[in-house]
$ cat structure_37.tsv   # TSV, C-alpha atoms
chain	number	residue	atom	x	y	z
L	1	MET	CA	0.00	0.00	0.00
L	2	ILE	CA	2.75	2.43	0.96
L	3	ILE	CA	4.46	1.61	-2.35
L	4	TRP	CA	1.37	2.65	-4.28
L	5	LEU	CA	0.93	5.85	-2.29
L	6	THR	CA	4.58	6.73	-2.89
L	7	ILE	CA	4.26	6.07	-6.62
L	8	ILE	CA	1.13	8.20	-6.92
L	9	ALA	CA	2.63	11.04	-4.87
L	10	ALA	CA	5.84	10.87	-6.92
L	11	GLY	CA	3.81	10.95	-10.12
L	12	LEU	CA	1.89	14.03	-8.98
L	13	LEU	CA	5.10	15.73	-7.90
L	14	THR	CA	6.82	15.01	-11.22
L	15	TYR	CA	3.76	16.14	-13.16
L	16	ALA	CA	3.52	19.36	-11.15
L	17	THR	CA	7.20	20.06	-11.90
L	18	ARG	CA	6.62	19.56	-15.61
L	19	LEU	CA	3.39	21.56	-15.66
L	20	SER	CA	4.63	24.47	-13.50
L	21	SER	CA	5.74	27.09	-16.01
L	22	ILE	CA	3.63	25.75	-18.89
L	23	LEU	CA	0.50	26.55	-16.93
L	24	LEU	CA	1.70	29.74	-15.23
L	25	TYR	CA	3.46	31.41	-18.17
L	26	GLY	CA	1.84	34.70	-19.09
L	27	LYS	CA	-0.24	34.78	-15.89
L	28	PHE	CA	2.19	37.22	-14.31
L	29	GLU	CA	5.03	39.48	-15.42
L	30	MET	CA	8.15	37.49	-16.25
L	31	PRO	CA	11.41	39.27	-15.31
L	32	ILE	CA	13.38	40.16	-18.46
L	33	LEU	CA	16.43	38.38	-17.09
L	34	VAL	CA	14.49	35.11	-16.79
L	35	GLU	CA	13.12	35.63	-20.28
L	36	ARG	CA	16.67	36.01	-21.64
L	37	ALA	CA	17.93	33.04	-19.61
L	38	LEU	CA	15.41	30.62	-21.15
L	39	ARG	CA	17.28	30.67	-24.46
L	40	PHE	CA	20.26	28.98	-22.80
L	41	VAL	CA	18.30	26.20	-21.09
L	42	PRO	CA	18.43	23.58	-23.86
L	43	VAL	CA	22.12	23.93	-24.74
L	44	ALA	CA	23.15	24.09	-21.07
L	45	VAL	CA	21.06	21.14	-19.84
L	46	LEU	CA	21.69	18.83	-22.79
L	47	THR	CA	25.45	19.50	-22.66
L	48	ALA	CA	25.43	18.94	-18.90
L	49	ILE	CA	23.87	15.54	-19.62
L	50	PHE	CA	26.21	14.41	-22.42
L	51	PHE	CA	29.62	15.69	-21.19
L	52	PRO	CA	29.73	13.21	-18.28
L	53	GLU	CA	28.72	10.44	-20.71
L	54	LEU	CA	31.97	11.09	-22.60
L	55	LEU	CA	34.28	11.78	-19.68
L	56	ILE	CA	33.09	9.79	-16.66
L	57	ILE	CA	33.83	6.09	-17.09
L	58	GLN	CA	32.58	3.81	-14.33
L	59	GLY	CA	32.39	6.72	-11.91
L	60	ASP	CA	35.82	8.19	-12.62
L	61	LEU	CA	36.99	11.08	-14.80
L	62	MET	CA	38.92	9.68	-17.78
L	63	LEU	CA	40.51	12.56	-19.69
L	64	SER	CA	42.69	10.41	-21.93
L	65	PHE	CA	43.10	9.28	-25.52
L	66	ARG	CA	42.56	5.75	-24.23
L	67	ASN	CA	38.94	6.71	-23.54
L	68	PRO	CA	36.90	5.43	-26.53
L	69	ARG	CA	33.76	7.38	-25.54
L	70	LEU	CA	35.69	10.65	-25.49
L	71	LEU	CA	37.25	10.05	-28.92
L	72	ALA	CA	33.98	8.85	-30.48
L	73	GLY	CA	32.21	11.82	-28.90
L	74	LEU	CA	34.73	14.33	-30.28
L	75	LEU	CA	34.38	12.87	-33.76
L	76	ALA	CA	30.58	12.98	-33.36
L	77	ILE	CA	30.79	16.68	-32.42
L	78	LEU	CA	32.71	17.29	-35.65
L	79	VAL	CA	30.15	15.31	-37.68
L	80	ALA	CA	27.23	17.12	-36.03
L	81	TRP	CA	28.85	20.49	-36.70
L	82	ARG	CA	29.55	19.75	-40.39
L	83	THR	CA	26.39	17.77	-41.30
L	84	LYS	CA	23.75	18.90	-38.73
L	85	ASN	CA	22.35	15.37	-39.21
L	86	VAL	CA	21.27	13.17	-36.28
L	87	MET	CA	21.51	9.86	-38.14
L	88	TYR	CA	25.07	10.49	-39.46
L	89	THR	CA	26.12	11.52	-35.97
L	90	ILE	CA	24.74	8.33	-34.39
L	91	VAL	CA	26.08	5.96	-37.03
L	92	ILE	CA	29.59	7.42	-37.17
L	93	GLY	CA	29.72	7.82	-33.38
L	94	MET	CA	28.64	4.24	-32.66
L	95	LEU	CA	30.91	2.71	-35.35
L	96	THR	CA	33.85	4.67	-33.96
L	97	LEU	CA	33.04	3.61	-30.40
L	98	TRP	CA	32.82	-0.07	-31.37
L	99	LEU	CA	36.02	0.10	-33.40
L	100	LEU	CA	37.96	1.79	-30.57
L	101	GLN	CA	36.58	-0.61	-27.95
L	102	PHE	CA	37.70	-3.46	-30.17
L	103	ILE	CA	41.20	-1.96	-30.61
L	104	PHE	CA	41.70	-0.98	-26.95
L	105	ASN	CA	40.67	-4.40	-25.67
F	1	MET	CA	7.23	32.91	-33.10
F	2	GLN	CA	9.47	34.12	-35.90
F	3	ALA	CA	8.59	33.99	-39.58
F	4	THR	CA	11.20	33.85	-42.30
F	5	HIS	CA	11.02	36.53	-44.99
F	6	ASN	CA	9.62	34.24	-47.66
F	7	THR	CA	7.02	32.82	-45.22
F	8	PRO	CA	6.92	29.07	-45.94
F	9	ALA	CA	3.52	27.37	-45.84
F	10	LEU	CA	2.26	26.25	-42.44
F	11	PRO	CA	2.87	22.48	-42.12
F	12	PRO	CA	-0.44	20.71	-41.34
F	13	PRO	CA	-0.88	18.99	-37.92
F	14	ARG	CA	-0.45	15.54	-39.40
F	15	ALA	CA	2.89	16.47	-41.01
F	16	GLU	CA	4.16	18.01	-37.76
F	17	PHE	CA	3.03	14.95	-35.78
F	18	LEU	CA	4.86	12.59	-38.13
F	19	SER	CA	7.99	14.80	-38.08
F	20	GLY	CA	7.90	14.54	-34.28
F	21	VAL	CA	7.64	10.75	-34.42
F	22	LYS	CA	10.50	10.62	-36.93
F	23	ALA	CA	12.73	12.93	-34.91
F	24	GLU	CA	12.13	10.83	-31.79
F	25	LEU	CA	12.79	7.42	-33.37
F	26	PRO	CA	16.63	7.46	-33.22
F	27	LEU	CA	16.40	8.08	-29.47
F	28	MET	CA	14.60	4.76	-29.09
F	29	ILE	CA	17.87	2.86	-29.70
F	30	GLY	CA	18.97	3.98	-26.26
F	31	VAL	CA	15.55	4.08	-24.60
F	32	ILE	CA	14.56	0.45	-25.30
F	33	PRO	CA	17.49	-1.18	-23.44
F	34	PHE	CA	17.17	1.44	-20.68
F	35	GLY	CA	13.46	0.61	-20.21
F	36	MET	CA	14.15	-3.11	-20.23
F	37	ILE	CA	16.91	-2.81	-17.66
F	38	TYR	CA	14.61	-0.74	-15.46
F	39	GLY	CA	11.92	-3.46	-15.69
F	40	ILE	CA	14.38	-6.20	-14.82
F	41	LEU	CA	15.83	-4.21	-11.93
F	42	ALA	CA	12.40	-3.36	-10.49
F	43	ILE	CA	11.47	-7.05	-10.36
F	44	ALA	CA	14.90	-8.00	-9.00
F	45	VAL	CA	14.53	-5.64	-6.01
F	46	GLY	CA	11.13	-7.16	-5.24
F	47	LEU	CA	8.58	-4.70	-6.67
F	48	PRO	CA	5.37	-6.38	-7.85
F	49	PRO	CA	5.08	-6.29	-11.69
F	50	SER	CA	1.99	-4.07	-11.46
F	51	ALA	CA	3.84	-1.47	-9.38
F	52	ALA	CA	6.90	-1.61	-11.63
F	53	GLN	CA	4.76	-0.89	-14.69
F	54	ALA	CA	2.67	1.69	-12.83
F	55	MET	CA	5.83	3.68	-12.10
F	56	SER	CA	6.46	3.94	-15.83
F	57	VAL	CA	2.91	5.20	-16.42
F	58	ILE	CA	2.47	7.44	-13.38
F	59	ILE	CA	5.98	8.85	-12.86
F	60	PHE	CA	7.25	8.39	-16.44
F	61	ALA	CA	10.82	9.56	-15.76
F	62	GLY	CA	13.52	6.95	-16.32
F	63	SER	CA	16.38	8.00	-14.05
F	64	SER	CA	14.15	8.68	-11.08
F	65	GLN	CA	12.39	5.33	-11.57
F	66	PHE	CA	15.74	3.53	-11.43
F	67	VAL	CA	16.77	5.20	-8.21
F	68	SER	CA	13.33	4.90	-6.69
F	69	ALA	CA	13.10	1.15	-7.42
F	70	GLN	CA	16.41	0.64	-5.68
F	71	LEU	CA	15.21	2.65	-2.68
F	72	PHE	CA	12.05	0.50	-2.54
F	73	GLY	CA	14.37	-2.51	-2.51
F	74	LEU	CA	16.26	-1.04	0.42
F	75	SER	CA	12.97	-0.26	2.23
F	76	VAL	CA	13.94	3.37	2.90
F	77	PRO	CA	11.15	5.54	4.36
F	78	ALA	CA	8.62	6.61	1.71
F	79	ILE	CA	9.22	10.30	2.36
F	80	ILE	CA	12.92	9.92	1.49
F	81	ASN	CA	12.03	8.05	-1.68
F	82	LEU	CA	9.58	10.78	-2.64
F	83	PHE	CA	12.08	13.55	-1.90
F	84	THR	CA	14.71	11.76	-4.00
F	85	ILE	CA	12.40	11.48	-6.99
F	86	GLY	CA	11.41	15.14	-6.60
F	87	VAL	CA	15.02	16.33	-6.64
F	88	ILE	CA	16.05	14.11	-9.57
F	89	ASN	CA	13.13	15.44	-11.59
F	90	LEU	CA	13.70	19.12	-10.75
F	91	ARG	CA	15.39	19.68	-14.13
F	92	HIS	CA	11.93	19.29	-15.67
F	93	ALA	CA	11.06	22.67	-14.15
F	94	LEU	CA	13.76	24.15	-16.41
F	95	TYR	CA	12.30	22.35	-19.42
F	96	SER	CA	8.85	23.61	-18.48
F	97	ALA	CA	10.05	27.22	-18.26
F	98	SER	CA	11.98	26.90	-21.50
F	99	ILE	CA	9.11	25.50	-23.56
F	100	ALA	CA	6.27	27.44	-21.89
F	101	PRO	CA	6.45	30.54	-24.16
F	102	TYR	CA	5.79	28.38	-27.23
F	103	LEU	CA	2.76	26.69	-25.67
F	104	GLN	CA	1.21	29.81	-24.18
F	105	LYS	CA	-1.58	30.20	-26.74
F	106	LEU	CA	-2.72	26.56	-26.61
F	107	PRO	CA	-5.91	25.56	-24.82
F	108	ASN	CA	-5.42	24.11	-21.34
F	109	ARG	CA	-6.17	20.54	-22.39
F	110	TRP	CA	-3.11	20.66	-24.66
F	111	LYS	CA	-0.96	22.07	-21.87
F	112	LEU	CA	-2.10	19.34	-19.48
F	113	VAL	CA	-1.28	16.56	-21.96
F	114	LEU	CA	2.02	18.00	-23.19
F	115	ALA	CA	3.25	18.59	-19.63
F	116	TYR	CA	2.77	14.87	-18.94
F	117	LEU	CA	4.90	14.08	-22.02
F	118	LEU	CA	7.70	16.51	-21.09
F	119	THR	CA	10.64	14.11	-20.72
F	120	ASP	CA	14.35	14.62	-21.51
F	121	GLU	CA	14.00	12.94	-24.87
F	122	ALA	CA	10.81	14.65	-26.05
F	123	TYR	CA	12.01	18.04	-24.78
F	124	ALA	CA	15.35	17.69	-26.58
F	125	VAL	CA	13.90	17.26	-30.07
F	126	THR	CA	10.91	19.57	-29.55
F	127	ILE	CA	12.75	22.63	-28.22
F	128	ILE	CA	15.23	22.39	-31.11
F	129	GLN	CA	12.26	22.25	-33.50
F	130	TYR	CA	10.70	25.33	-31.87
F	131	GLN	CA	13.96	27.28	-31.97
F	132	GLN	CA	14.31	26.74	-35.72
F	133	ASP	CA	12.90	29.24	-38.17
F	134	GLY	CA	9.49	28.62	-39.65
F	135	ASP	CA	5.90	28.75	-38.60
F	136	ASN	CA	5.50	27.52	-35.01
F	137	ARG	CA	1.71	27.37	-34.91
F	138	ASN	CA	1.40	23.60	-35.39
F	139	LYS	CA	4.57	22.50	-33.63
F	140	HIS	CA	2.63	21.29	-30.60
F	141	TRP	CA	1.71	18.37	-32.88
F	142	PHE	CA	5.43	17.72	-33.30
F	143	PHE	CA	5.70	17.69	-29.48
F	144	LEU	CA	2.74	15.29	-29.26
F	145	GLY	CA	4.29	12.99	-31.89
F	146	SER	CA	7.69	12.84	-30.19
F	147	GLY	CA	6.12	12.55	-26.72
F	148	LEU	CA	3.76	9.70	-27.64
F	149	THR	CA	6.56	7.86	-29.44
F	150	LEU	CA	8.67	7.97	-26.32
F	151	TRP	CA	5.72	7.14	-24.05
F	152	THR	CA	4.72	4.05	-26.03
F	153	THR	CA	8.30	2.82	-26.32
F	154	TRP	CA	8.94	3.37	-22.62
F	155	GLN	CA	5.83	1.43	-21.58
F	156	LEU	CA	6.53	-1.47	-23.95
F	157	SER	CA	10.23	-1.75	-23.10
F	158	THR	CA	9.45	-1.60	-19.37
F	159	ALA	CA	6.88	-4.38	-19.83
F	160	ALA	CA	9.40	-6.41	-21.86
F	161	GLY	CA	11.93	-6.10	-19.04
F	162	ILE	CA	9.35	-7.06	-16.42
F	163	PHE	CA	7.85	-10.03	-18.22
F	164	LEU	CA	10.61	-11.34	-20.47
F	165	GLY	CA	13.61	-10.46	-18.36
F	166	ALA	CA	15.88	-10.58	-21.42
F	167	THR	CA	18.19	-7.68	-22.02
F	168	VAL	CA	20.71	-6.27	-24.48
F	169	PRO	CA	24.37	-6.98	-23.66
F	170	ALA	CA	26.08	-3.98	-22.03
F	171	SER	CA	29.03	-4.46	-24.40
F	172	TRP	CA	26.91	-3.06	-27.24
F	173	SER	CA	27.07	0.31	-25.44
F	174	LEU	CA	23.68	1.37	-26.81
F	175	ASP	CA	23.37	3.84	-23.94
F	176	PHE	CA	25.95	5.92	-25.82
F	177	THR	CA	23.38	6.77	-28.50
F	178	LEU	CA	21.74	9.19	-26.04
F	179	ALA	CA	24.97	11.20	-25.78
F	180	LEU	CA	25.36	11.13	-29.58
F	181	ILE	CA	21.83	12.40	-30.18
F	182	PHE	CA	22.25	15.19	-27.66
F	183	ILE	CA	25.50	16.12	-29.46
F	184	ALA	CA	23.62	16.17	-32.79
F	185	LEU	CA	20.95	18.44	-31.29
F	186	VAL	CA	23.19	20.80	-29.33
F	187	VAL	CA	26.15	21.41	-31.66
F	188	PRO	CA	24.16	22.98	-34.54
F	189	ALA	CA	22.31	25.15	-31.98
F	190	LEU	CA	25.55	26.80	-30.80
F	191	LYS	CA	25.23	29.77	-33.09
F	192	ASP	CA	26.90	32.49	-31.00
F	193	ARG	CA	29.54	32.92	-28.31
F	194	ALA	CA	26.98	33.18	-25.52
F	195	SER	CA	25.34	29.83	-26.23
F	196	LEU	CA	28.75	28.20	-26.81
F	197	GLY	CA	29.93	29.56	-23.47
F	198	ALA	CA	26.75	28.39	-21.73
F	199	ALA	CA	27.11	24.87	-23.15
F	200	LEU	CA	30.84	24.47	-22.42
F	201	THR	CA	30.55	25.77	-18.87
F	202	ALA	CA	27.53	23.60	-18.13
F	203	GLY	CA	29.29	20.55	-19.57
F	204	VAL	CA	32.53	21.04	-17.65
F	205	ALA	CA	30.66	21.86	-14.44
F	206	ALA	CA	28.53	18.73	-14.84
F	207	VAL	CA	31.69	16.61	-15.04
F	208	LEU	CA	33.23	18.31	-11.99
F	209	LEU	CA	29.99	18.07	-9.96
F	210	PHE	CA	29.14	14.57	-11.18
F	211	ASN	CA	29.47	12.96	-7.75
F	212	LEU	CA	26.99	15.23	-5.99
F	213	PRO	CA	24.03	13.20	-4.71
F	214	LEU	CA	20.61	12.89	-6.39
F	215	LYS	CA	21.83	14.19	-9.75
F	216	THR	CA	21.94	17.70	-8.26
F	217	GLY	CA	25.24	18.23	-10.13
F	218	LEU	CA	23.31	18.23	-13.40
F	219	LEU	CA	20.92	20.90	-12.17
F	220	ILE	CA	23.62	23.13	-10.64
F	221	ALA	CA	25.83	22.77	-13.72
F	222	SER	CA	22.92	23.77	-15.99
F	223	LEU	CA	22.24	26.86	-13.89
F	224	ILE	CA	25.94	27.84	-13.95
F	225	GLY	CA	25.94	27.45	-17.75
F	226	ILE	CA	22.82	29.60	-18.10
F	227	VAL	CA	24.38	32.37	-15.96
F	228	VAL	CA	27.59	32.28	-18.03
F	229	GLY	CA	25.51	32.54	-21.22
F	230	LEU	CA	23.72	35.60	-19.81
F	231	VAL	CA	27.00	37.25	-18.77
F	232	ILE	CA	28.61	36.75	-22.20
F	233	GLU	CA	25.46	37.99	-23.94
F	234	GLY	CA	25.31	41.02	-21.66
F	235	ARG	CA	28.89	42.05	-22.48
F	236	SER	CA	28.56	41.82	-26.26

$ encode --input "structure_37.tsv" --output "structure tokens"
Amino acid sequence: MIIWLTIIAAGLLTYATRLSSILLYGKFEMPILVERALRFVPVAVLTAIFFPELLIIQGDLMLSFRNPRLLAGLLAILVAWRTKNVMYTIVIGMLTLWLLQFIFN
Amino acid sequence: MQATHNTPALPPPRAEFLSGVKAELPLMIGVIPFGMIYGILAIAVGLPPSAAQAMSVIIFAGSSQFVSAQLFGLSVPAIINLFTIGVINLRHALYSASIAPYLQKLPNRWKLVLAYLLTDEAYAVTIIQYQQDGDNRNKHWFFLGSGLTLWTTWQLSTAAGIFLGATVPASWSLDFTLALIFIALVVPALKDRASLGAALTAGVAAVLLFNLPLKTGLLIASLIGIVVGLVIEGRS
């Protein structure tokens, strides 16, 4: 029973977090600074998610050319910059990762 | 929001919906194994199958479900479990604020549905779509398409983990596709020094703060990146 109550409460909490600004936007004056800050949310959050994926290996920072995820990620950044194409970025990134994992093992 | 000078035709709802589905599909390579592993883990720590699946429907937030299932397994007090989920999911408040201006004119029933679908993966493709040039009036259909694609995949892969137990070998490293897709979305969006500065600072800070509990490092790093973006923009 307590499990179900926790799940329902957690669902409501998560939903309220997601709904917060969507529902309230425009209902009151938004400070200009906040308005300007919103532009940076996607690039900041998404980069904060993917940087550790490249650099933290099994809980430790691995800033080395022996780190296949870092190398594959750097190549993927180059591909994304030149092609702006999600599929090319995935395919080249994954092939590079597999190749490097094969070589380094 | 912004129209280009030659004003392209407004894409119909159906076209936007299908574009959203299509944009979301590559993300499923990483989401399917993630959902299956969650299902397997939830059963392994002793959650009943119904509760494990209900978490995917009611909470619908992968990382927090992982942590929460483990806390259920450890029988920690419910209030701590709830607090943990709340903190892990705080980044969704940033997503909500970031996407809110584009949804402002929609009727409330749209807002209520889209808020439920506001996950990392749906947000990532949708906000990039909104920030591109072109007519934004039907892009909520794009959001719906990407959100429902993720929702369906998440429910099915969770169920597969719960009931089949099979999983994809970790050596395939399919989790890496998430990082690659985020790279593909972020890099082309770095069009000026301020956004580049915001992204780099947030990324480096996230690595340095990685070991903070409850994924708070991610949230703090994002906020630092946003502030740096504002400072650079303010000086130029």

$ interface_residues --input "structure_37.tsv" --of "chain L" --to "chain F" --cutoff "8 Å" --atoms "all atoms listed in the file" --output "count of residues only"
59

$ atom_distance --input "structure_37.tsv" --atom1 "atom CA of Gln155 of chain F" --atom2 "atom CA of Ile43 of chain F"
15.2 Å

$ axis_aligned_box --input "structure_37.tsv" --around "segment 85-96 of chain L" --padding-each-side "3 Å" --output "AutoDock Vina command-line options"
--center_x 27.6 --center_y 9.0 --center_z -36.1 --size_x 18.6 --size_y 18.7 --size_z 12.8

$ atom_distance --input "structure_37.tsv" --atom1 "atom CA of Pro13 of chain F" --atom2 "atom CA of Arg109 of chain F"
16.5 Å

$ residues_around --input "structure_37.tsv" --residues "Leu75 of chain L" --least-positions-apart "3" --cutoff "9 Å" --atoms "only C-alpha atoms" --output "JSON, numbers by chain"
{"L": [70, 71, 72, 78, 79, 80, 89, 92, 93, 96]}

$ atom_distance --input "structure_37.tsv" --atom1 "atom CA of Val168 of chain F" --atom2 "atom CA of Leu74 of chain F"
25.8 Å
